[in-house]
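Enquirer: Got a structure for you, written out below as structure tokens; questions coming shortly.
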Amino acid sequence: MWAMIVKEFRQVRRDRRTLAMMIVLPVLLLVVLGYAASFDVKSISVAVAGPQAAAVQKLLGAPFKVTETESAQGRAWATDQLRDGQADVAVVTGGARPLVLIDGSQLFSARAALTALASHAQGTQGPAGPGGAGGAIKPQVTVLYNPDLTTSDIMIPGLCGVVLVFIGTIITSLGVVRERQSGTLEQLAVMPLKPRDVVLGKIVPYFLVATVDLVIVLAVGIAVFGVPFRGSPFTFALGALLFLFVTLGFGVLISSVSQNQGQAIQLAMMTLLPQVLLSGLIFPLSSIVAGVRWIAYLLPLTYFNEISRGVMLRAEPIGPLWQPFVFLTLLGLVVVTGATLRFRSYLAPSGRERRGPRGRSGSSADTSTQTVRAQEVGA
Amino acid sequence: MSWGADDLVVRYGKTVAVDHVSVDAPAGQVTAVVGGDGAGKSTLLRCLAGAQAPLTGTVRRPAKEAVGYLPSSSGVYPDLTVTENLDFRATGYRLARSAARERAAEYLEQAGLTEASDRLAGQLSGGMRCKLGVIAAMLPKPQLLVLDEPTTGVDPVSRSGLWWLIARAAAEGCAVVLATTYLDEAERCASVLVLDEGKVLATGTSDEIIAAMPGALRSANAGGSGGSSPRASTARPEGSRAWRRGGQWRVWDPDATAGDFQPDLTDAVTVAAIAKEVRS
Amino acid sequence: MSPLARLTGVTKKFGEFTAVKDVDLNVEPGEIVGLLGANGAGKTTVIKMLLGLIGTTAGTVELFGQPPSRQTRRRLGYVPQSLGLYDDLTTMENLEFSAAAFGGKPGVKDTAIPDAIKQYGKDLIGALPLGVQRRVAFAQALEHEPDLLILDEPTSGVDPLGRARLWETIAGAAQAGAGVLVTTHYMEEASECSRLVIMAGGAVVAAGTAQEIIGTSQAVVVLAQSWADAFGRLEDAGLPVSLAGRGVRVPGARSEDVQRALGDLPAVVQDVPATLEERFFELVQGS
């Protein structure tokens with residue numbers, strides 16, 4: 001038995017990917033649970049409109065944080081601020097009572113806002129200052145976009161993103177690695193197929209599968225769970241398309257650095273897990289400690305979540321969504337270009353150095369590239 | 001037009017896998033490339049087929065549409081059926097559908113694979129999978145057919161079937177280059193290239209290689225197996241110039257002019273390998 | 001002296017499928033028994049039963065006079081086709097693990113490691129050439145001085161000199177008293193064996209020495225100007241043909257039939273004894 005233990009230790013020590021997983025994952029979980037996993041919203045952004053904007057700003061304390069004041073604007077502007085994701089709460093002054101609009105699609109901020117407003121209202125029952133901003137302020141509170149504050153309304157849009165990540169990254173990496181494992185990659189290199197045909201041919205089926213899955217999730221969400229789809233389907237589709245490019249590209253990239261399906265899955269899992277935990281899917285972004293929050297802004301799913309929730313729940317137009325769209329487009333270009341280049345080098349070899357296959361069961365691995373002089377004489 | 005390669009060099013990291021190797025593959029003939037593992041056969045064949053570019057040297061090969069290749073891993077998709085595999089090959093090479101189907105059916109019939117047409121390639125026995133691989137490579141009627149160890153590990157029955165296909169391809173005018181570890185197969189080929197650690201150990205027809213063998217061979221009965229007395233044994237004669245074959249010791253005397261028997265290709269190749277060992 | 005391994009009337013069924021049919025086989029000390037057969041003939045199943053990995057449906061398997069057990073495994077040396085080495089361990093680590101697993105004294109005997117592989121002691125198996133890996137696998141199997149060696153395709157893919165050296169090791173073990181059971185596809189290695197057992201379709205179709213098995217089987221050698229023409233004509237006549245250098249062989253035929261099939265094609269036609277491979281082919285076709 002001792003011999004078995006010694007042997008396993010020796011093997012694990014050399015298996016860098018598994019070691020990375022065994023060390024990185026607990027650290028990641030620690031970071032997440034320590035700094036990110038929180039449903040407590042520490043700061044609720046507020047946009048204030050109307051003539052008494054400044055006064056309201058002075059009145060609202062923590063956890064509210066006024067980020068915009070426009071005394072010349074009214075309800076329409078305030079609603080837009082919420083719709084475009086600029087603020088979690090908007091206050092409109094100038095009417096008989098101040099109107100507080102709460103973005104229901106930011107579930108936890110909304111709940112925190114309601115709680116804070118309730119205790120605030122109680123606190124202001126006592127002696128009040130002069131002027132309209134004191135005394136018995138009974139603001140009219142309306143929750144927009146998700147009036148019942150149901151979780152499924154915000155989860156289903158998020159789920160759309162997860163489905164796309166799953167299919168894009170995991171399944172694609174499996175599909176392409178399979179080629180390498182069955183030893184047919186060399187055969188493809190010799191056949192008169194263009195590298196572009198091979199890469200696209202490999203991606204398109206998963207593209208279609210992902211689209212079908214997405215439609216199913218949406219259909220079930222809307223029909224069974226009553227999730228609204230208020231915005232433009234075109235914007236949503238465009239966002240999904242871009243996001244799919246990113247995830248499929250990642251899938252091909254992962255496959256090009258993996259020798260077998262086991263490795264591909266490991267790597268794919270390591271990209272999936274942070275996205276599920278840190279992209280705002282489960283734990284709201286605003287409750288993640290700032291020091292860790294920057295990680296979320298590197299993850300593609302964070303941006304797609306903004307698009308899917310914005311479009312489905314708030315009918316957010318494409319204009320205010322320019323940030324996520326631009327980010328996804330750029331990332332998509334980078335990833336797909338990288339993946340195609342790597343793949344192309346397998347299919348149109350140019351004499352680079354690489355480690356050869358080992359007998360019948362071997363698989364090739366790349367080492368480094370080198371410039372070559374080689375001539376081919378075609379007939 | 002004779003296909004082949006001139007003065008190829010291929011490196012993997014620090015190892016030289018193919019060290020200045022040239023080979024000719026005339027149309028209508030089967031050229032054998034022989035050597036153990038690590039000799040460089042697979043690398044050479046990959047360069048010939050176009051799956052890999054050499055570091056230096058020239059490869060004379062037809063356009064991609066006219067090259068058929070069977071890698072050592074059999075090159076067929078285990079999760080597609082026999083028919084689906086051949087369909088993919090036909091479409092990839094842009095062959096006329098019905099002509100390709102006809103040709104495929106004929107090859108499958110001759111190879112005894114027709115009943116297995118709807119079986120997944122991964123469920124075929126090793127020999128049948130190799131036959132499928134050869135048929136797939138031959139399907140586009142290539143001018144150059146490169147087969148990497150199609151018969152290694154295959155039972156003798158299937159091997160005969162494979163040789164039928166190979167002979168058929170050559171008979172149709174194709175230039176066939178075949179890597180094998182079976183020297184008796186190499187003896188059947190029009191010419192042989194023997195590789196050892198990336199370098200050419202011998203080349204020519206099998207007769208030429210045998211004739212070029214220096215010295216002569218003696219035989220000494222080894223006993224111990226093949227003999228009737230299990231315990232009788234002869235000590236290993238003459239150090240590294242002796243080797244076992246067929247239950248006997250064979251000894252190579254580099255200076256002798258006449259030997260106990262006529263060497264065959266295996267003997268000639270073994271001697272060449274020993275001579276190389278002795279030199280280094 | 002009782003045989004080291006004995007199968008008596010062994011049958012193995014997997015559901016409806018009979019993998020092994022009424023097989024008798026034994027291996028005596030000091031002899032090399034060659035087990036030949038096509039894929040699916042049942043060789044692997046026989047080996048698995050000998051190793052005690054699967055049970056029989058009928059018949060008995062005896063290893064050193066008893067049914068296979070953990071004790072009998074200690075006296076067994078086995079090299080599978082895949083060599084059974086860990087790619088991500090070094091040579092020495094592999095040998096140490098195996099030595100410990102076979103319950104010997106701790107550490108690997110210095111004498112067990114042939115000089116040829118000593119230099120690779122610290123190299124990862126995955127980085128070594130196949131030829132060296134094979135020698136390590138052999139050293140591992142022989143380290144605990146087994147009484148019975150079972151080798152599955154030990155020389156597949158090896159060059160002639162390498163093969164000869166491996167057979168030296170095998171013969172050495174046999175001379176030292178061990179019994180060896182070998183499977184191989186190289187027909188010419190059949191002559192390295194004391195005795196052959198040929199299996200087809202799960203049953204033993206022939207047993208004995210190569211000469212006994214070939215018996216009086218014949219073949220016809222055809223040397224023609226154009227082998228392709230000869231090939232074509234014989235094929236058209238429905239005769240089984242195989243290539244032989246620049247000539248053509250027709251196993252199991254008579255020269256008159258061959259001559260008739262060739263017609264007016266100029267060729268030299270000769271009756272010769274069949275090779276073991278051709279006889280094997282004949283036997284397997286028949287079953």
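Chains: A, B, ... in order of the structure tokens. Residues: from 1 per chain. Ligands: from 1, in order shown.
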Using only C-alpha atoms, tabulate the residues of region 98-170 of chain C lying at most 7 Å from any atom of region 174-185 of chain B, each with its closest atom pair and that distance in Å to one decimal, by chain and increasing residue number, as a Markdown table.
Expert:
```
| residue | atom | partner | partner_atom | distance |
| --- | --- | --- | --- | --- |
| C:Gly157 | CA | B:Thr181 | CA | 5.7 |
| C:Val158 | CA | B:Thr181 | CA | 6.7 |
| C:Asp159 | CA | B:Thr181 | CA | 6.3 |
```
Enquirer: Using only C-alpha atoms, find the residues of chain C whose closest atom to chain B is at most 7 Å away, then write them as a PyMOL selection string.
Expert: chain C and resi 30-32+37-39+129-131+156-161+164-165+167-168+175+185+189+191-194+228+242-246+277+281
Enquirer: Determine, using only C-alpha atoms, which residues of chain B have any atom at most 8 Å from an atom of chain A, and tabulate each with its shortest atom pair and distance in Å to one decimal place, rows ordered by chain and then rising number, as a tab-separated table.
Expert:
```
residue	atom	partner	partner_atom	distance
B:Arg11	CA	A:Glu353	CA	6.2
B:Tyr12	CA	A:Arg355	CA	5.0
B:Gly13	CA	A:Glu353	CA	6.3
B:Asp37	CA	A:Gly359	CA	7.0
B:Thr43	CA	A:Gly356	CA	7.7
B:Ala49	CA	A:Val190	CA	6.5
B:Gly50	CA	A:Val190	CA	5.8
B:Ala51	CA	A:Val190	CA	5.3
B:Gln52	CA	A:Pro349	CA	5.4
B:Ala53	CA	A:Gly351	CA	4.1
B:Pro54	CA	A:Gly351	CA	5.1
B:Leu55	CA	A:Gly351	CA	5.5
B:Thr56	CA	A:Ala374	CA	5.3
B:Gly57	CA	A:Ala374	CA	6.0
B:Thr58	CA	A:Gln375	CA	5.3
B:Val59	CA	A:Glu376	CA	5.5
B:Arg60	CA	A:Val377	CA	5.2
B:Arg61	CA	A:Gly378	CA	5.8
B:Pro62	CA	A:Ala379	CA	4.9
B:Ala63	CA	A:Gly378	CA	5.7
B:Lys64	CA	A:Pro192	CA	5.1
B:Glu65	CA	A:Pro192	CA	5.7
B:Val67	CA	A:Val190	CA	7.6
B:Gly68	CA	A:Val190	CA	7.9
B:Tyr69	CA	A:Gln187	CA	6.9
B:Leu70	CA	A:Gln187	CA	7.3
B:Pro71	CA	A:Gln187	CA	6.9
B:Ser72	CA	A:Arg360	CA	6.1
B:Ser73	CA	A:Gly183	CA	5.4
B:Ser74	CA	A:Gly183	CA	7.3
B:Gly75	CA	A:Thr184	CA	4.7
B:Val76	CA	A:Thr184	CA	6.4
B:Tyr77	CA	A:Ser182	CA	6.7
B:Pro78	CA	A:Ser182	CA	7.3
B:Gly92	CA	A:Leu193	CA	6.6
B:Tyr93	CA	A:Pro192	CA	6.2
```
Enquirer: Gly85 (chain A): which residues within 9 Å, counting only C-alpha atoms, same-chain residues fewer than 6 positions away excluded, as a list in words?
Expert: Asp103, Glu306, Gly310, Arg314, Glu316, Pro320 and Leu321 of chain A
Enquirer: Can I get the selected residues back with N, CA and C atoms, as a PDB file, in the first residue's frame?
Expert:
```pdb
ATOM      1  N   ASP A 103     -35.291  50.276  -9.157  1.00  0.00           N
ATOM      2  CA  ASP A 103     -35.052  49.316 -10.232  1.00  0.00           C
ATOM      3  C   ASP A 103     -35.191  47.897  -9.686  1.00  0.00           C
ATOM      4  N   GLU A 306     -25.421  42.027 -18.295  1.00  0.00           N
ATOM      5  CA  GLU A 306     -25.955  43.387 -18.408  1.00  0.00           C
ATOM      6  C   GLU A 306     -26.892  43.494 -19.597  1.00  0.00           C
ATOM      7  N   GLY A 310     -30.764  43.851 -19.018  1.00  0.00           N
ATOM      8  CA  GLY A 310     -31.207  45.171 -19.463  1.00  0.00           C
ATOM      9  C   GLY A 310     -32.286  45.083 -20.522  1.00  0.00           C
ATOM     10  N   ARG A 314     -35.705  45.630 -18.690  1.00  0.00           N
ATOM     11  CA  ARG A 314     -35.869  47.075 -18.655  1.00  0.00           C
ATOM     12  C   ARG A 314     -36.040  47.663 -20.049  1.00  0.00           C
ATOM     13  N   GLU A 316     -33.920  48.068 -22.258  1.00  0.00           N
ATOM     14  CA  GLU A 316     -32.814  49.010 -22.467  1.00  0.00           C
ATOM     15  C   GLU A 316     -32.454  49.030 -23.943  1.00  0.00           C
ATOM     16  N   PRO A 320     -27.301  52.862 -24.677  1.00  0.00           N
ATOM     17  CA  PRO A 320     -26.635  52.810 -23.370  1.00  0.00           C
ATOM     18  C   PRO A 320     -25.859  51.524 -23.137  1.00  0.00           C
ATOM     19  N   LEU A 321     -26.103  50.552 -23.953  1.00  0.00           N
ATOM     20  CA  LEU A 321     -25.405  49.289 -23.755  1.00  0.00           C
ATOM     21  C   LEU A 321     -24.090  49.253 -24.531  1.00  0.00           C
TER      22      LEU A 321
END
```
Enquirer: Counting only C-alpha atoms, which residue out of A:Val32, A:Ile44, A:Ile318, A:Val162 sits closest to Val289 (chain A)?
Expert: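 Between A:Val32, A:Ile44, A:Ile318, A:Val162, the residue approaching Val289 (chain A) most closely is A:Val32.
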Enquirer: Do a neighbour search on region 257-272 of chain C at 10 Å with only C-alpha atoms, toss out local chain neighbours closer than 4 positions, and write the hits as a compact mmCIF listing (two decimals) with N, CA and C atoms, in the first residue's frame.
Expert:
```
# COMPACT_ATOMS: atom_id res chain seq x y z
N SER C 217 1.13 -28.64 -46.60
CA SER C 217 0.50 -27.54 -47.34
C SER C 217 1.44 -26.97 -48.38
N GLN C 218 0.86 -26.59 -49.48
CA GLN C 218 1.67 -26.08 -50.58
C GLN C 218 1.21 -24.70 -51.01
N ALA C 219 2.08 -24.08 -51.79
CA ALA C 219 1.70 -22.84 -52.44
C ALA C 219 2.39 -22.81 -53.79
N VAL C 220 1.99 -21.87 -54.60
CA VAL C 220 2.62 -21.74 -55.91
C VAL C 220 3.21 -20.35 -56.02
N VAL C 221 4.49 -20.29 -56.44
CA VAL C 221 5.14 -19.00 -56.64
C VAL C 221 5.12 -18.67 -58.11
N VAL C 222 4.75 -17.45 -58.44
CA VAL C 222 4.70 -17.02 -59.85
C VAL C 222 5.63 -15.84 -60.04
N LEU C 223 6.61 -16.02 -60.94
CA LEU C 223 7.49 -14.89 -61.27
C LEU C 223 7.19 -14.49 -62.69
N ALA C 224 6.61 -13.31 -62.86
CA ALA C 224 6.24 -12.87 -64.20
C ALA C 224 6.93 -11.56 -64.52
N GLN C 225 6.94 -11.24 -65.81
CA GLN C 225 7.53 -9.97 -66.23
C GLN C 225 6.81 -8.81 -65.56
N SER C 226 5.48 -8.89 -65.67
CA SER C 226 4.71 -7.83 -65.03
C SER C 226 3.86 -8.46 -63.93
N TRP C 227 4.23 -8.20 -62.72
CA TRP C 227 3.50 -8.83 -61.62
C TRP C 227 2.06 -8.33 -61.57
N ASP C 229 0.07 -7.74 -64.05
CA ASP C 229 -0.75 -8.56 -64.96
C ASP C 229 -1.05 -9.92 -64.33
N ALA C 230 0.01 -10.54 -63.80
CA ALA C 230 -0.19 -11.86 -63.18
C ALA C 230 -1.21 -11.74 -62.06
N PHE C 231 -1.03 -10.75 -61.25
CA PHE C 231 -1.95 -10.50 -60.14
C PHE C 231 -3.38 -10.40 -60.64
N GLY C 232 -3.55 -9.56 -61.69
CA GLY C 232 -4.89 -9.36 -62.22
C GLY C 232 -5.51 -10.66 -62.72
N ARG C 233 -4.75 -11.45 -63.50
CA ARG C 233 -5.32 -12.67 -64.07
C ARG C 233 -5.69 -13.70 -63.02
N LEU C 234 -4.81 -13.82 -62.03
CA LEU C 234 -5.09 -14.81 -60.98
C LEU C 234 -6.30 -14.38 -60.17
N GLU C 235 -6.36 -13.10 -59.93
CA GLU C 235 -7.49 -12.57 -59.19
C GLU C 235 -8.79 -12.81 -59.93
N ASP C 236 -8.76 -12.56 -61.23
CA ASP C 236 -9.96 -12.78 -62.05
C ASP C 236 -10.39 -14.24 -62.00
N ALA C 237 -9.40 -15.13 -61.90
CA ALA C 237 -9.74 -16.56 -61.86
C ALA C 237 -10.24 -16.97 -60.48
N GLY C 238 -10.27 -16.01 -59.56
CA GLY C 238 -10.80 -16.31 -58.23
C GLY C 238 -9.83 -16.98 -57.31
N LEU C 239 -8.55 -16.95 -57.64
CA LEU C 239 -7.56 -17.57 -56.76
C LEU C 239 -7.07 -16.56 -55.72
N GLY C 247 7.26 -10.96 -57.27
CA GLY C 247 6.47 -12.08 -57.73
C GLY C 247 5.17 -12.15 -56.96
N VAL C 248 4.49 -13.25 -57.19
CA VAL C 248 3.15 -13.39 -56.63
C VAL C 248 3.03 -14.82 -56.10
N ARG C 249 2.35 -14.98 -54.97
CA ARG C 249 2.16 -16.32 -54.43
C ARG C 249 0.70 -16.69 -54.39
N VAL C 250 0.42 -17.93 -54.65
CA VAL C 250 -0.96 -18.41 -54.58
C VAL C 250 -0.99 -19.55 -53.58
N PRO C 251 -1.42 -19.28 -52.35
CA PRO C 251 -1.41 -20.35 -51.35
C PRO C 251 -2.48 -21.39 -51.62
N GLY C 252 -2.15 -22.62 -51.31
CA GLY C 252 -3.13 -23.70 -51.38
C GLY C 252 -3.53 -24.11 -52.78
N ALA C 253 -2.82 -23.62 -53.78
CA ALA C 253 -3.23 -23.98 -55.15
C ALA C 253 -2.23 -24.97 -55.75
```
Enquirer: Could you write out as a VMD selection string the residues of chain C within 10 Å of chain A, counting only C-alpha atoms?
Expert: chain C and resid 82 86 to 90 93 to 94 96 to 101 106 126 to 130 157
Enquirer: From the DSSP assignment of the backbone, select every residue of region 43-208 of chain B that is strand (DSSP E), and format the answer as an MDAnalysis selection string.
Expert: chainID B and resid 56:60 67:70 144:148 175:180 191:196 199:204
Enquirer: Write out as a list of chain:residue names the residues lying within 9 Å of Leu113 (chain B), counting only C-alpha atoms and excluding same-chain residues fewer than 3 positions away.
Expert: B:Val82, B:Tyr107, B:Leu108, B:Glu109, B:Gln110, B:Ala116, B:Ser117, B:Met128, B:Lys131, B:Leu132
Enquirer: Save out the residues we just selected, C-alpha atoms, as an mmCIF file, in the first residue's frame.
Expert:
```cif
data_model
loop_
_atom_site.group_PDB
_atom_site.id
_atom_site.type_symbol
_atom_site.label_atom_id
_atom_site.label_comp_id
_atom_site.auth_asym_id
_atom_site.auth_seq_id
_atom_site.Cartn_x
_atom_site.Cartn_y
_atom_site.Cartn_z
ATOM 1 C CA VAL B 82 -17.840 2.801 -42.240
ATOM 2 C CA TYR B 107 -13.147 -2.016 -52.255
ATOM 3 C CA LEU B 108 -15.308 -2.853 -49.254
ATOM 4 C CA GLU B 109 -16.486 -6.030 -50.927
ATOM 5 C CA GLN B 110 -13.001 -7.158 -51.785
ATOM 6 C CA ALA B 116 -19.825 -4.036 -41.566
ATOM 7 C CA SER B 117 -20.873 -0.992 -43.591
ATOM 8 C CA MET B 128 -10.748 -4.153 -40.240
ATOM 9 C CA LYS B 131 -8.484 -1.885 -44.061
ATOM 10 C CA LEU B 132 -11.046 0.892 -43.807
#
```
Enquirer: Pick the closest to Val79 (chain C) from C:Leu4, C:Ala137, C:Val284, C:Leu142: which is it, counting only C-alpha atoms?
Expert: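 Selected residue with least distance to Val79 (chain C): C:Ala137.
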Enquirer: Just the number, please: distance in Å from CA of Ser43 (chain A) to CA of Pro228 (chain A), one decimal.
Expert: 27.1 Å
